[in-house]
Amino acid sequence: MSDRNDLTRRRVIKSGAVAAAGAAATPYFFSRAFADGHGYRNAPKGDTVTLGFNVPQTGAYADEGADELRAYELAVEHLNGEGDGGMLNTFSSKALKGNGVLGKKVDFVTGDTQTKSDAARASAKRMIENDGAIMITGGSSSGVAIAVQGLCQEAGVIFMAGLTHSNDTTGKDKRANGFRHFFNTEMTGAALAPVLKNAFGSDRNAYHLTADYTWGWSQEGSIQKYTEELGWNTTAAVRTPLGAGDFSSFITPVLDSGADVLVLNHYGKDMVNSLTQAVQFGLRDKQVNGKDFQIVVPLFSRLMAQGAGESIKGIYGSTNWNWSLKDEGSQAFVKSFGTKYGFPPSQAAHTCYSQVLLYADAAERAGTFMPSELGKSLEGFEFDGLGNGPVLYRAEDHQCFKDVLVVQGAQNPQSKFDLLEVVEVTPRSQVEYAPELLGGELGPYNNG
Amino acid sequence: MDALFLQVLNGLDKGGAYALIALGLTLVFGTLGVVNFAHGALFMFGAFCAVSLERIFSTSYVTISETEKDFLGNPLKVDVPYIQEWFGSGTANFLQDYSVPLSILLAIVVMGFVGVVMERGLIKHFYKRPHADQILVTFGLAIVLAEIVRHYYGANPIPQQAPEIVAGAANVGNWFGLGDNVVYPWWRLVYFVFSLIVIGAVFAFLQFTTFGMVVRAGMQDRETVGLLGINIEKRFTIVFALAAIVAGVAGAMYTPIYPPDYNLGMEFLVLSFVVVVVGGMGSLGGAVLAGFLLGILQSFASMNEVKSILPALDQVIIYLVAVIILLTLPRGLLGRQGVMED
């Protein structure tokens, strides 16, 4: 009796295990079978191709996320031949004709990264597995970008990074399926440090407040490296939790630290809060070591400048792109975006718009959406007309190289959008570095 | 010395917020016996009273400028606030500049109303129910209130400005004979003083009015008060509304320090419950004392010198202190035997 019972239980357990394994493996087998049938994951079946826009709709970087989504919608319009065409008209590559991509109308789905790696991976996974997204793009955090890039590599789709500035995205965590248009902290350090030396001298003591995640660490390291090379001393580097809100307990120690420069390695709402509170604590009115106290925000955006209001005036930083640029591509994009939404685009919007055009163009030139073939057509690709002058998508690390803008908060803004003044356009040659400097391996492409 | 003094100041403004929330929480728990998990949401609602008033003052109509151009070269659309049209630019600028302190008036009205509706509509049905039921229903209510705010105001924090006159920093060091490095933002000092005034007003109300005497008696021993022929339940609505008003004005005045979003209440709720427990269940003085004490300890724990020895201590210090105090003083700092104990 006992044996019969054991046997029965075993059978039940075995049957259950087989059923569970089968149920769990079904989507995998389906997707693999689907991939095998077409040679790559989520190959478009009908007359549309679906892109996945994964942006922070909530959380500390939600403003950037909202602007990214606007830019994506505009890019999709232009790819499908609607609107005025924007930067399709100025892009040096003429593969795109405004009739979709490879004859297919462009459609899209969206996800909310919540500026959290796990939420971002979950929404990207949902778009790939449930919605059939062939490419994932977006994000305003390097932590999120690295997490989603890894997921896209495993899933076998292309990841066109949004706003991600950490060296690691195309450094130690780079992946073959991932591509970054945005600049990185290494380039910011190389461009910004000489300007800081000219403005504030070489005898300075810097105190860093740093967002405690991959981008903050990377930014802190790069600014330290380049300012110390020019003679600055680093008094302290303190990590702050992402989304801290109240930075008072981090700012008060700066007051009697002996530092005469505060470097805020913060972005989005964190930067708005920390800068506003630093100004409330009277740091910009202080004199230390016989010098005026200075605040530096290495990575700027107009949206942040808007949030920080008066506090931003005169503060130095760097940016990937600014709407005030006078080149043909930038002007075309500002006109399209401004006409549709009533205000100029942010650097996040510009990068995301460019990434969609670059992906679509690469697909047209490759003649396929297959990640390995499409990726190769992006590697070593040189282009112009997308608003940053001549740009190279470097083959070795999938990082874009272009001129870097060093900016300063406008002292006398002419309008509510005129918040950043470009003080120097640092040439691409000055910010280029050897691919092996930041480590990592691209590895092989994964087609799913 | 300067650094320690500054951390005490940091702790006082944070502690002021904790104390004000915990005060209302204790009042409701002490008198009504209700564990109100929606109390943090009332703090958040108050913060959004400030946001709403600022939006009301900014409501504008659009005129087209004949001389200025926008970023696309089109005639510039200029927003003109209605209050500027109605009252002139001097009054309009004043109202917009002082929207946060003025929002206290709005918060008193709105939060009083919300308190009455909450108590009459929902909470009174749960007086005799187990605490687990009360926690479930008030926690659910907190989520509903947060989602309502999210629906109308979005998910992002909305920064509010303190009046220009208190926008800078006070040289506190000079007041106390310390160094020039001891400066502190005026608005944070204002908030600390404001919290003391509200706490003093609540204590005076409870100490020097007949209503307050009955409430205090009810907190000590509800059954005996009932035997004396006093129907304390009639006063519950007012007590609940008072707690909601205290949380609301605390939230409204906190907005220049911490830009509010829909989740603000949840961020403060757990900490405030810890404050209540550490202070002693049902003890108003204990709630205030614990609020300031834990605020200051949290500030000290975030000092670089402390974090270099014990990283991330600032994230857990409140809970560590709560464990230590409850192990040594099981009724909390000022909790007395027999109070809130069956």
# chains A, B, ... in the order shown; residues from 1 in each chain; ligands from 1

$ residues_around --residues "range 327-333 of chain A" --least-positions-apart "5" --cutoff "12 Å" --atoms "only C-alpha atoms" --output "ChimeraX atom specification"
/A:71,74-75,78,83-92,321-322,338-341,343-347,349-354,383-390 /B:71-73

$ closest_atom_pairs --of "chain A" --to "chain B" --cutoff "10 Å" --atoms "only C-alpha atoms" --output "Markdown table"
| residue | atom | partner | partner_atom | distance |
| --- | --- | --- | --- | --- |
| A:Gln57 | CA | B:Ala155 | CA | 8.0 |
| A:Thr58 | CA | B:Ala155 | CA | 5.7 |
| A:Gly59 | CA | B:Asn156 | CA | 6.6 |
| A:Ala60 | CA | B:Asn156 | CA | 7.5 |
| A:Tyr61 | CA | B:Asn156 | CA | 8.8 |
| A:Ala62 | CA | B:Asn156 | CA | 6.6 |
| A:Asp63 | CA | B:Asn156 | CA | 7.8 |
| A:Ala236 | CA | B:Asn304 | CA | 9.3 |
| A:Ala237 | CA | B:Asn304 | CA | 9.8 |
| A:Val238 | CA | B:Asn304 | CA | 7.5 |
| A:Arg239 | CA | B:Asn304 | CA | 9.6 |
| A:Thr240 | CA | B:Ser302 | CA | 9.8 |
| A:Pro241 | CA | B:Ala312 | CA | 9.4 |
| A:Ala244 | CA | B:Tyr258 | CA | 9.7 |
| A:Gly245 | CA | B:Tyr258 | CA | 6.1 |
| A:Asp246 | CA | B:Tyr258 | CA | 6.1 |
| A:Phe247 | CA | B:Tyr258 | CA | 9.6 |
| A:Ser248 | CA | B:Asn10 | CA | 6.8 |
| A:Ser249 | CA | B:Ser299 | CA | 6.0 |
| A:Phe250 | CA | B:Ser302 | CA | 7.3 |
| A:Thr252 | CA | B:Leu6 | CA | 6.5 |
| A:Pro253 | CA | B:Ala3 | CA | 6.3 |
| A:Val254 | CA | B:Asn181 | CA | 9.3 |
| A:Leu255 | CA | B:Asn181 | CA | 5.5 |
| A:Asp256 | CA | B:Asn181 | CA | 5.8 |
| A:Ser257 | CA | B:Ala3 | CA | 9.5 |
| A:Lys269 | CA | B:Pro157 | CA | 8.1 |
| A:Val272 | CA | B:Pro159 | CA | 9.2 |
| A:Asn273 | CA | B:Tyr258 | CA | 8.3 |
| A:Thr276 | CA | B:Ile257 | CA | 9.9 |
| A:Gln277 | CA | B:Ile257 | CA | 8.3 |
| A:Ala278 | CA | B:Pro185 | CA | 9.6 |
| A:Val279 | CA | B:Gly168 | CA | 7.7 |
| A:Gln280 | CA | B:Gly168 | CA | 5.2 |
| A:Phe281 | CA | B:Pro185 | CA | 5.3 |
| A:Gly282 | CA | B:Ala169 | CA | 5.5 |
| A:Leu283 | CA | B:Ala169 | CA | 9.2 |
| A:Asp285 | CA | B:Ala169 | CA | 9.7 |
| A:Lys286 | CA | B:Asn181 | CA | 8.8 |
| A:Val288 | CA | B:Asn181 | CA | 9.8 |
| A:Gly307 | CA | B:Pro159 | CA | 7.8 |
| A:Ala308 | CA | B:Pro159 | CA | 9.2 |
| A:Trp323 | CA | B:Phe71 | CA | 9.3 |
| A:Ser324 | CA | B:Phe71 | CA | 8.8 |
| A:Gln331 | CA | B:Leu72 | CA | 9.2 |
| A:Val334 | CA | B:Leu72 | CA | 7.9 |
| A:Lys335 | CA | B:Leu72 | CA | 6.4 |
| A:Ser336 | CA | B:Leu72 | CA | 9.8 |
| A:Gly338 | CA | B:Leu72 | CA | 7.1 |
| A:Thr339 | CA | B:Leu72 | CA | 7.9 |
| A:Gly342 | CA | B:Leu72 | CA | 9.3 |
| A:Phe343 | CA | B:Phe71 | CA | 7.9 |
| A:Pro344 | CA | B:Phe71 | CA | 7.4 |
| A:Gln414 | CA | B:Asp70 | CA | 9.8 |
| A:Ser415 | CA | B:Asp70 | CA | 7.7 |
| A:Lys416 | CA | B:Asp70 | CA | 9.6 |
| A:Phe417 | CA | B:Phe71 | CA | 7.9 |
| A:Asp418 | CA | B:Phe71 | CA | 8.7 |

$ atom_distance --atom1 "CA of Ile134 in chain A" --atom2 "CA of Pro371 in chain A"
9.0 Å

$ atom_distance --atom1 "CA of Tyr153 in chain B" --atom2 "CA of Ala92 in chain B"
23.3 Å

$ atom_distance --atom1 "CA of Gly243 in chain A" --atom2 "CA of Ala211 in chain A"
8.6 Å

$ residues_around --residues "Leu438 in chain A" --least-positions-apart "3" --cutoff "7 Å" --atoms "only C-alpha atoms" --output "short mmCIF file (atom, residue, chain, number, x, y, z; two decimals) with C-alpha atoms, in the first residue's frame"
data_model
loop_
_atom_site.label_atom_id
_atom_site.label_comp_id
_atom_site.auth_asym_id
_atom_site.auth_seq_id
_atom_site.Cartn_x
_atom_site.Cartn_y
_atom_site.Cartn_z
CA ASN A 167 31.73 54.89 -19.50
CA GLY A 171 33.21 50.13 -21.81
CA LYS A 172 33.36 47.15 -19.51
CA PRO A 435 38.89 51.52 -27.45
#

$ residues_around --residues "Lys77 in chain B" --least-positions-apart "5" --cutoff "7 Å" --atoms "only C-alpha atoms" --output "list of chain:residue names"
B:Val62, B:Thr63, B:Ile64, B:Ser65

$ write_last_selection --atoms "N, CA and C atoms" --output "PDB file, in the first residue's frame"
ATOM      1  N   VAL B  62      -3.617  83.583 -22.675  1.00  0.00           N
ATOM      2  CA  VAL B  62      -2.492  83.813 -23.576  1.00  0.00           C
ATOM      3  C   VAL B  62      -2.730  85.058 -24.418  1.00  0.00           C
ATOM      4  N   THR B  63      -1.692  85.902 -24.513  1.00  0.00           N
ATOM      5  CA  THR B  63      -1.749  87.023 -25.457  1.00  0.00           C
ATOM      6  C   THR B  63      -0.566  86.875 -26.423  1.00  0.00           C
ATOM      7  N   ILE B  64      -0.713  87.452 -27.592  1.00  0.00           N
ATOM      8  CA  ILE B  64       0.349  87.372 -28.590  1.00  0.00           C
ATOM      9  C   ILE B  64       1.152  88.674 -28.560  1.00  0.00           C
ATOM     10  N   SER B  65       2.454  88.550 -28.350  1.00  0.00           N
ATOM     11  CA  SER B  65       3.308  89.736 -28.333  1.00  0.00           C
ATOM     12  C   SER B  65       3.560  90.208 -29.768  1.00  0.00           C
TER      13      SER B  65
END

$ select_by_dssp --residues "range 32-207 of chain B" --states "strand (DSSP E or B)" --output "list of chain:residue names"
B:Ser60, B:Tyr61, B:Val62, B:Thr63, B:Ile64, B:Ser65, B:Glu66, B:Thr67, B:Glu68, B:Lys69, B:Pro75, B:Leu76, B:Lys77, B:Val78, B:Asp79, B:Val80, B:Pro81, B:Ala169, B:Ala170, B:Tyr184, B:Pro185

$ residues_around --residues "Leu271 in chain B" --least-positions-apart "2" --cutoff "12 Å" --atoms "only C-alpha atoms" --output "count of residues only"
36

$ closest_residue --among "A:Ser274, A:Ser372, A:Gln287, A:Gln399" --to "Thr170 in chain A" --atoms "only C-alpha atoms"
A:Gln399

$ decode --residues "range 321-358 of chain A" --atoms "N, CA and C atoms" --output "short mmCIF file (atom, residue, chain, number, x, y, z; two decimals), in the first residue's frame"
data_model
loop_
_atom_site.label_atom_id
_atom_site.label_comp_id
_atom_site.auth_asym_id
_atom_site.auth_seq_id
_atom_site.Cartn_x
_atom_site.Cartn_y
_atom_site.Cartn_z
N TRP A 321 24.02 67.92 -26.78
CA TRP A 321 23.42 68.69 -27.87
C TRP A 321 22.58 69.80 -27.24
N ASN A 322 22.42 70.91 -27.94
CA ASN A 322 21.55 71.97 -27.43
C ASN A 322 20.73 72.55 -28.58
N TRP A 323 19.50 72.90 -28.30
CA TRP A 323 18.59 73.34 -29.37
C TRP A 323 19.05 74.63 -30.04
N SER A 324 19.95 75.38 -29.40
CA SER A 324 20.37 76.66 -29.98
C SER A 324 21.42 76.49 -31.08
N LEU A 325 21.89 75.25 -31.32
CA LEU A 325 22.90 75.04 -32.37
C LEU A 325 22.34 75.47 -33.73
N LYS A 326 23.22 76.02 -34.54
CA LYS A 326 22.76 76.65 -35.79
C LYS A 326 22.91 75.77 -37.02
N ASP A 327 23.44 74.55 -36.86
CA ASP A 327 23.62 73.71 -38.05
C ASP A 327 22.26 73.30 -38.61
N GLU A 328 22.28 72.88 -39.85
CA GLU A 328 21.06 72.58 -40.59
C GLU A 328 20.22 71.48 -39.92
N GLY A 329 20.90 70.42 -39.47
CA GLY A 329 20.19 69.30 -38.84
C GLY A 329 19.49 69.72 -37.57
N SER A 330 20.22 70.41 -36.70
CA SER A 330 19.63 70.86 -35.43
C SER A 330 18.43 71.75 -35.67
N GLN A 331 18.58 72.66 -36.62
CA GLN A 331 17.48 73.60 -36.90
C GLN A 331 16.25 72.87 -37.44
N ALA A 332 16.49 71.86 -38.28
CA ALA A 332 15.35 71.09 -38.82
C ALA A 332 14.63 70.35 -37.70
N PHE A 333 15.42 69.78 -36.78
CA PHE A 333 14.82 69.02 -35.68
C PHE A 333 14.04 69.94 -34.74
N VAL A 334 14.66 71.09 -34.41
CA VAL A 334 13.99 72.04 -33.51
C VAL A 334 12.67 72.51 -34.12
N LYS A 335 12.69 72.74 -35.44
CA LYS A 335 11.47 73.22 -36.11
C LYS A 335 10.36 72.15 -36.05
N SER A 336 10.72 70.91 -36.37
CA SER A 336 9.72 69.83 -36.34
C SER A 336 9.16 69.64 -34.94
N PHE A 337 10.07 69.50 -33.98
CA PHE A 337 9.68 69.22 -32.60
C PHE A 337 8.91 70.40 -32.02
N GLY A 338 9.45 71.60 -32.22
CA GLY A 338 8.83 72.81 -31.66
C GLY A 338 7.44 73.05 -32.23
N THR A 339 7.27 72.79 -33.52
CA THR A 339 5.96 72.99 -34.14
C THR A 339 4.94 72.01 -33.56
N LYS A 340 5.38 70.77 -33.34
CA LYS A 340 4.46 69.74 -32.84
C LYS A 340 4.13 69.92 -31.36
N TYR A 341 5.15 70.29 -30.56
CA TYR A 341 4.95 70.28 -29.11
C TYR A 341 4.95 71.67 -28.45
N GLY A 342 5.41 72.69 -29.15
CA GLY A 342 5.34 74.05 -28.60
C GLY A 342 6.54 74.47 -27.78
N PHE A 343 7.56 73.63 -27.69
CA PHE A 343 8.79 74.00 -26.98
C PHE A 343 9.95 73.24 -27.63
N PRO A 344 11.19 73.72 -27.42
CA PRO A 344 12.31 73.06 -28.08
C PRO A 344 12.65 71.71 -27.44
N PRO A 345 13.28 70.82 -28.21
CA PRO A 345 13.62 69.50 -27.68
C PRO A 345 14.82 69.55 -26.74
N SER A 346 14.91 68.54 -25.87
CA SER A 346 16.05 68.40 -24.97
C SER A 346 17.12 67.55 -25.64
N GLN A 347 18.29 67.43 -24.98
CA GLN A 347 19.34 66.57 -25.53
C GLN A 347 18.88 65.10 -25.54
N ALA A 348 18.06 64.72 -24.55
CA ALA A 348 17.55 63.34 -24.52
C ALA A 348 16.68 63.09 -25.75
N ALA A 349 15.83 64.07 -26.08
CA ALA A 349 14.95 63.94 -27.24
C ALA A 349 15.80 63.82 -28.51
N HIS A 350 16.83 64.65 -28.60
CA HIS A 350 17.68 64.64 -29.80
C HIS A 350 18.36 63.29 -29.98
N THR A 351 18.92 62.75 -28.91
CA THR A 351 19.62 61.48 -29.01
C THR A 351 18.66 60.36 -29.40
N CYS A 352 17.48 60.35 -28.79
CA CYS A 352 16.53 59.27 -29.06
C CYS A 352 16.00 59.33 -30.49
N TYR A 353 15.72 60.55 -30.94
CA TYR A 353 15.28 60.72 -32.33
C TYR A 353 16.37 60.21 -33.28
N SER A 354 17.62 60.63 -33.01
CA SER A 354 18.74 60.23 -33.87
C SER A 354 18.91 58.72 -33.88
N GLN A 355 18.76 58.09 -32.70
CA GLN A 355 18.97 56.64 -32.61
C GLN A 355 17.95 55.88 -33.46
N VAL A 356 16.70 56.35 -33.49
CA VAL A 356 15.69 55.67 -34.31
C VAL A 356 16.01 55.83 -35.79
N LEU A 357 16.42 57.03 -36.18
CA LEU A 357 16.79 57.24 -37.59
C LEU A 357 18.01 56.40 -37.97
N LEU A 358 18.98 56.34 -37.07
CA LEU A 358 20.19 55.57 -37.35
C LEU A 358 19.88 54.08 -37.47
#
